[in-house]
Every structure is written in C-alpha cells, then in structure tokens.
Amino acid sequence: MLSRFRNRYFYILDLFLLILIPAASLALRLDFPWADRFNLGLLYYIVFSVPVKMIVFYIFGYYKRIWRYASVDAIISILWGAGIATVIIMGTVSLVLGSGLLTDVYLPRSIPIIDGMLSLIIIGGTRMSLRMVQYQFGGGHYDPTGKRVLVAGAGDAGQLVAKEILTSRHIKDNLVGIVDDDPIKIGSIIHGAKVLGALDQLPFIINKYQIDEVIIAMPTAPGEVIRKVVNLSEQKDVTTKILPGIYELISGEVTVSQLREVQVGDLLRRQPVDLGVERVREFIEGKRILVTGAGGSIGSELCNQISQCHPAQLYALGHGENSLFALPQKIITWSKKEQEDKLKLIVADIRDEVRLGNIFSRLKPEIVFHAAAHKHVPLMEQNLEEAITNNILGTRNVIEQCKLHQVERFVLISTDKAVEPVNVMGMTKRVSELIVKVAAEETGRPYVSVRFGNVLGSRGSVVPFFKKQIAAGGPVTVTHPEVERYFMTIPEAVQLVLQAFALEGHGDIFILDMGEQIKIIDLAEELINLSGLEVGRDIEIVFTGLRPGEKLSEKLYGEGETPQSTNHDKIQVIQEDILLSGDLFNREVDTLISLAKSGATEEAYLKLQEICS
C-alpha cells in the first residue's frame with residue numbers, strides 16, 4: 001500500500017491543508033469565532049499564500065521525492081521550503097498592509113509567522129508519518145526460521161547493513177546485535193540493535209546469543225582485522241559473510257545485496273589507497289595509450305582502469321589471441337560503440353622488431369605501459385633462451401621504438417624478484433629495469449619501472465592453484481613451511497602502477513607498499529578453512545621442497561638501493577648507487593641476446609649473471 005502512495009496525493013492533500021492552515025492560524029491568534037472584519041483579509045491571504053507555497057514546494061522537490069525513503073536531507077528541504085515561502089508571504093503582506101492599498105482589509109501581522117510554523121509542522125508531519133509507518137510496518141520482522149545474525153562493525157557500513165536487515169521485507173534474517181572495538185559504541189543502540197561487545201568477545205557472544213552467521217561490515221578494515229573475525233567465528237563453526245572492500249564499492253552505495261562469502265583477498269586486505277584519480281587522468285585524458293601484454297592479468301586490468309581516464313585511443317597489444325579476444329569483456333567502462341571507436345586489439349610478438357616498428361609508425365602512441373613478460377620462475381629456469389629473448393629483447397625493442405617515436409612516458413611492470421635476483425626470471429626483469437634506466441638517461445624523458453610482488457588471482461598465481469587442489473580433494477602442496485611472499489590484489493596493484501606513472505621520474509624504480517609478507521602455508525590453511533574444510537582431517541598439506549630459483553622470502557630493494565618517500569604515501573622511489581655506461585651496457589645486452597638466440601645456454605646464463613652483478 002505504501003509503495004503505491006504517489007506524490008499526486010500529497011499535492012491534493014497539501015492544497016486542502018494549506019487552505020485550512022491560515023484559518024487555523026487566525027483562530028490561534030484571535031480565538032474562534034473572530035470578528036467578521038477579518039474574513040476578507042483571510043480570503044485574500046489564502047488566495048495569495050497557497051499558490052506561493054505550492055510553487056516553492058514544487059521548486060524544492062516536495063512532489064518528486066519518494067517520501068517513504070526520506071532521511072535528513074528531506075527534512076532540511078522541508079525546512080528551507082517552508083522558511084522561504086514564509087519570508088515571501090510575510091514580506092508581501094507587510095508591504096501591502098503598510099501601503100494602505102487595501103483599506104478595508106484587516107489581518108494581524110503575525111498571521112504569516114503562525115501560518116508558516118503550522119505549515120512546516122503539518123506538511124512535514126504528513127511526509128515523516130509516511131516514513132515512520134514504512135519503518136515500523138513496511139520492513140522486516142522476526143522470522144523463527146531465519147538465521148540469527150551478528151554484524152561486525154558499528155561504523156557507517158554496519159549501520160546501513162543493520163538498517164537493511166531490520167527494514168527489508170525480502171530479508172528473513174534476524175539481527176541479534178552488533179560488535180565493534182570502539183569502547184564508546186559498546187552498549188549503545190543502533191537501529192534497534194545493541195552493540196554487544198568488542199571483536200575479541202566474538203566466541204562468547206556467539207555462544208550466548210546462539211549466532212548462526214557473522215556479517216563483516218568493515219569495508220576499510222585491514223586484513224588482520226578481517227582474519228581475526230573469520231578465525232574467531234570459525235572457532236564456533238559459524239559462517240561469515242563480508243561487505244566488499246573499498247576497491248569493489250564503486251558507487252559508494254552499501255546494501256545487504258552486496259554481501260558475499262569471505263574470500264582470501266579480504267584476509268590480506270590493507271588500508272585503502274588514496275587513488276588520486278584526477279592526477280592520473282590529467283596525463284591520460286585525450287592521449288593515445290599502448291599497453292603490451294594486454295591479455296594478461298595486469299595488462300587487462302590496466303586497460304580497464306585506463307579506459308576510465310578517457311584516453312583518445314587505447315591500443316591493446318598481446319601475443320596470445322585468445323586472451324586478447326576476451327579483453328573487451330573486461331573493459332566495463334566503455335559501451336560497445338566506445339570500444340569500437342577507441343579500442344584496438346593488436347596481435348603481435350614484442351620480439352619482432354619490424355612488426356613493432358610498423359605498429360608505432362602507424363599508431364603513434366604517446367604513452368606506453370609495458371606489461372608483456374614471461375613470469376613463471378620454475379618454467380623460465382628451464383627455458384633461459386625464451387626468458388632472455390622475450391623479457392630482455394622484447395623490452396629493448398619496445399623501448400627503442402619509444403625513443404625513436406618520442407613517446408612521452410613509459411612504464412615497465414617489474415617484480416620483487418628483480419631484487420638481488422637468483423633465478424632467470426628475476427635476472428631478466430632486472431636487466432629490463434636497467435634498459436629503461438639507460439633509455440631515460442639518453443632521452444631525458446619520464447621512463448620508469450614499477451616493482452611489486454605476487455598478484456592474487458593472476459594466471460598461474462598460487463591461489464587458483466590451491467583452489468584447484470582443494471576442489472580435487474587435496475593434497476595442497478607447499479614448497480616449504482617458511483616460504484613467504486608479498487601479495488596484492490590485481491586492482492590494487494594496477495591502481496598503484498597508475499599512481500607511480502603520474503609521479504615524476506627519469507629511469508627511477510618505484511616500489512609499491514606491499515604490506516607484510518604472508519606465509520604461503522598460512523594462505524593455504526585459510527583457503528582450506530574458507531572452503532568449509534579442516535586441515536589434516538579433510539585436506540592434507542604436503543611440503544615438496546624449494547624449486548629451482550625459488551627463495552624463502554622476497555625483498556623490494558637490495559644492497560646499494562635506498563628507498564625514499566614520494567608524494568604518494570603508498571609508493572617509494574629507489575635511489576641506486578650504480579654508475580651505468582649506456583654504451584658498455586648496450587654492448588653487453590647485445591652479447592647476451594646473441595648467446596640466447598644461438599642456443600649457448602651456459603654462456604648466456606653466465607653473461608646474465610654478470611650483467612646483474
């Protein structure tokens with residue numbers, strides 16, 4: 001019934017009430033019945049004041065709002081509308097009565113004030129009464145078959161989740177209470193639900209109130225807090241759901257429909273990054289952008305986020321046709337028409353210098369993001385020639401075209417494995433960083449490298465691998481109990497890459513804030529637990545030993561590298577204590593590539609080590 005209460009009914013009701021309110025105002029001022037000499041003034045007042053109020057109310061949107069969803073902003077609009085209408089009417093009445101134009105008209109000068117106050121109370125009351133009825137009778141109710149739910153987090157998101165559970169007709173869950181670490185909030189009432197205690201008290205509260213599910217409503221909380229809530233809930237065999245993190249809340253609207261199962265990325269969540277999108281957009285808007293490796297995990301997300309910065313053209317270059325073919329589905333910002341106009345998919349091998357030259361000559365990119373690379377450590381240990389020709393020769397081919405065609409900005413996507421590298425993949429990425437450094441010194445242009453660690457959810461990363469093993473019934477294989485790595489989500493990594501791109505640097509290496517390293521065995525155990533299974537009982541963890549080229553832990557900078565702060569608190573720049581001769585370095589790289597192409601594996605490996613030392 002409430003959902004069918006249209007604004008036209010308010011219009012009719014207002015018209016009726018606004019005709020009666022002046023009479024009620026006069027009765028309050030003079031008592032009833034009043035002298036006949038006031039009747040003509042009252043009539044004139046009604047004829048003038050009612051249209052003024054209706055027009056002002058219309059301008060303030062009184063007849064466009066859905067009042068059953070009214071909130072504080074609606075109350076403010078009522079106050080402004082009634083106030084402005086009263087000022088207009090009072091000023092006009094005072095002017096007319098004071099001028100003596102209507103000699104036979106009598107009306108107390110206080111009537112517009114009383115009329116304004118009554119209008120505010122009655123007009124506002126009719127709107128708010130509908131909101132109160134909706135809140136009291138139109139929402140949720142206790143359902144004996146529903147889950148007993150506890151909300152973790154009493155901030156803005158927690159309050160909205162609590163309100164949604166209590167008022168939605170479509171949610172059968174029963175909100176028992178809220179938990180929060182803020183001592184000021186403990187014991188308070190939020191939308192009828194009591195803040196029962198702190199997060200550390202979860203096991204006790206779950207037992208006492210027979211909780212069936214915990215909803216984590218802390219979209220900006222760090223991973224350690226999420227892990228604590230999940231672990232404490234698991235101790236009592238209670239399921240958890242989570243409100244998406246800051247990177248997933250694009251619209252800023254928070255509803256229970258956005259709840260989902262807790263994922264491993266939530267457990268690693270760090271403080272949200274101040275994106276500063278406007279600064280990135282300044283550099284990208286209206287430019288021709290080329291992304292290599294565009295079909296990969298990082299490359300495709302780069303394309304997606306770059307599209308939000310309004311480039312003139314986006315050239316997506318990749319070697320694998322299948323991943324490149326699927327790329328348009330990942331660029332969610334653009335319509336099909338915009339993709340046809342702005343997005344160009346290019347199948348090419350970065351090792352093909354002639355093909356690259358033709359592409360750069362024809363398309364004339366102004367900014368290049370170089371994400372193309374072979375990245376799997378054990379595989380590259382067995383394919384040294386491929387690693388050198390793709391990661392080093394490919395990078396040099398791209399950077400040479402950038403120099404030749406005066407590309408304004410260049411970003412190399414590097415890795416923490418380039419720090420004091422002990423494996424082939426890391427060494428090839430270190431040489432790539434040096435290629436960028438030499439090119440920046442030669443051109444004086446902002447050509448930079450960006451280092452970060454493992455990316456959750458990328459192809460070949462450990463998380464999908466573990467999930468596949470768990471789905472098969474185990475065992476989950478971990479190389480060593482002490483192996484630990486830095487982790488980021490794909491969107492977070494790309495957002496920070498774009499921020500580093502917007503910083504001024506010439507040959508610099510930027511490192512991203514990766515938080516603390518996470519032990520791989522902890523990650524495996526969390527994934528098993530999130531799957532509803534128990535380590536040792538349902539799924540075994542087996543240690544297989546370190547693989548060739550694998551380290552126990554990674555670094556973001558090494559000996560002779562000093563990190564310094566930048567304008568972005570999540571990004572540091574490395575100052576290197578090396579003197580690099582461009583001519584000598586280029587000759588060494590030529591020799592390395594020739595050895596790799598000729599199949600002289602041992603000599604190429606020694607040369608690779610020599611360049612990196």
# chains A, B, ... in the order shown; residues from 1 in each chain; ligands from 1
call {"tool": "residues_around", "arguments": {"residues": "A:Tyr44", "least_positions_apart": "4", "cutoff": "10 Å", "atoms": "only C-alpha atoms", "output": "ChimeraX atom specification"}}
result
/A:39-40,48-49,93,105,107
call {"tool": "write_last_selection", "arguments": {"atoms": "N, CA, C and O atoms", "output": "PDB file, in the first residue's frame"}}
result
ATOM      1  N   ASN A  39     -12.583  38.525   7.813  1.00  0.00           N
ATOM      2  CA  ASN A  39     -12.859  37.476   6.822  1.00  0.00           C
ATOM      3  C   ASN A  39     -12.284  37.803   5.443  1.00  0.00           C
ATOM      4  O   ASN A  39     -11.728  36.926   4.763  1.00  0.00           O
ATOM      5  N   LEU A  40     -12.424  39.078   5.014  1.00  0.00           N
ATOM      6  CA  LEU A  40     -11.921  39.449   3.693  1.00  0.00           C
ATOM      7  C   LEU A  40     -10.404  39.345   3.652  1.00  0.00           C
ATOM      8  O   LEU A  40      -9.830  38.858   2.669  1.00  0.00           O
ATOM      9  N   PHE A  48      -3.563  34.348  -1.981  1.00  0.00           N
ATOM     10  CA  PHE A  48      -2.164  34.667  -2.306  1.00  0.00           C
ATOM     11  C   PHE A  48      -1.193  33.604  -1.782  1.00  0.00           C
ATOM     12  O   PHE A  48      -0.287  33.157  -2.497  1.00  0.00           O
ATOM     13  N   SER A  49      -1.353  33.191  -0.531  1.00  0.00           N
ATOM     14  CA  SER A  49      -0.340  32.349   0.116  1.00  0.00           C
ATOM     15  C   SER A  49      -0.307  30.925  -0.415  1.00  0.00           C
ATOM     16  O   SER A  49       0.781  30.327  -0.546  1.00  0.00           O
ATOM     17  N   VAL A  93       2.781  40.563   2.555  1.00  0.00           N
ATOM     18  CA  VAL A  93       1.666  41.004   3.406  1.00  0.00           C
ATOM     19  C   VAL A  93       2.016  42.304   4.121  1.00  0.00           C
ATOM     20  O   VAL A  93       1.205  43.245   4.178  1.00  0.00           O
ATOM     21  N   VAL A 105      -9.211  45.900   4.379  1.00  0.00           N
ATOM     22  CA  VAL A 105      -8.680  44.583   4.696  1.00  0.00           C
ATOM     23  C   VAL A 105      -7.964  44.647   6.037  1.00  0.00           C
ATOM     24  O   VAL A 105      -7.100  45.511   6.249  1.00  0.00           O
ATOM     25  N   LEU A 107      -5.911  42.231   8.932  1.00  0.00           N
ATOM     26  CA  LEU A 107      -5.282  40.936   9.190  1.00  0.00           C
ATOM     27  C   LEU A 107      -4.104  41.153  10.145  1.00  0.00           C
ATOM     28  O   LEU A 107      -3.251  42.024   9.886  1.00  0.00           O
TER      29      LEU A 107
END
call {"tool": "residues_around", "arguments": {"residues": "stretch 365-373 of chain A", "least_positions_apart": "5", "cutoff": "6 Å", "atoms": "only C-alpha atoms", "output": "list in words"}}
result
Arg288, Ile289, Leu290, Val291, Thr292, Gly293, Gly299, Asn391, Val407, Glu408, Arg409, Phe410, Val411, Leu412 and Ile413 of chain A
call {"tool": "write_last_selection", "arguments": {"atoms": "C-alpha atoms", "output": "short mmCIF file (atom, residue, chain, number, x, y, z; two decimals), in the first residue's frame"}}
result
data_model
loop_
_atom_site.label_atom_id
_atom_site.label_comp_id
_atom_site.auth_asym_id
_atom_site.auth_seq_id
_atom_site.Cartn_x
_atom_site.Cartn_y
_atom_site.Cartn_z
CA ARG A 288 46.97 7.55 -27.38
CA ILE A 289 47.89 4.75 -24.96
CA LEU A 290 49.63 1.46 -25.79
CA VAL A 291 49.57 -1.48 -23.34
CA THR A 292 51.74 -4.52 -24.09
CA GLY A 293 50.81 -7.86 -22.55
CA GLY A 299 47.61 -5.84 -18.68
CA ASN A 391 61.79 -10.30 -21.33
CA VAL A 407 56.87 8.51 -26.69
CA GLU A 408 56.17 10.89 -23.81
CA ARG A 409 56.01 8.40 -20.95
CA PHE A 410 56.93 4.74 -20.46
CA VAL A 411 56.24 2.37 -17.55
CA LEU A 412 57.80 -1.08 -17.15
CA ILE A 413 55.93 -3.52 -14.94
#
call {"tool": "closest_residue", "arguments": {"among": "A:Ile331, A:Ile216, A:Val431, A:Ala198", "to": "A:Lys607", "atoms": "only C-alpha atoms"}}
result
A:Val431
call {"tool": "atom_distance", "arguments": {"atom1": "atom CA of A:Gln517", "atom2": "atom CA of A:Asp200"}}
result
24.4 Å
call {"tool": "closest_residue", "arguments": {"among": "A:Ile111, A:Ile435, A:Val573, A:Ile539", "to": "A:Gly474", "atoms": "only C-alpha atoms"}}
result
A:Ile539
call {"tool": "atom_distance", "arguments": {"atom1": "atom CA of A:Ile21", "atom2": "atom CA of A:Val96"}}
result
20.8 Å
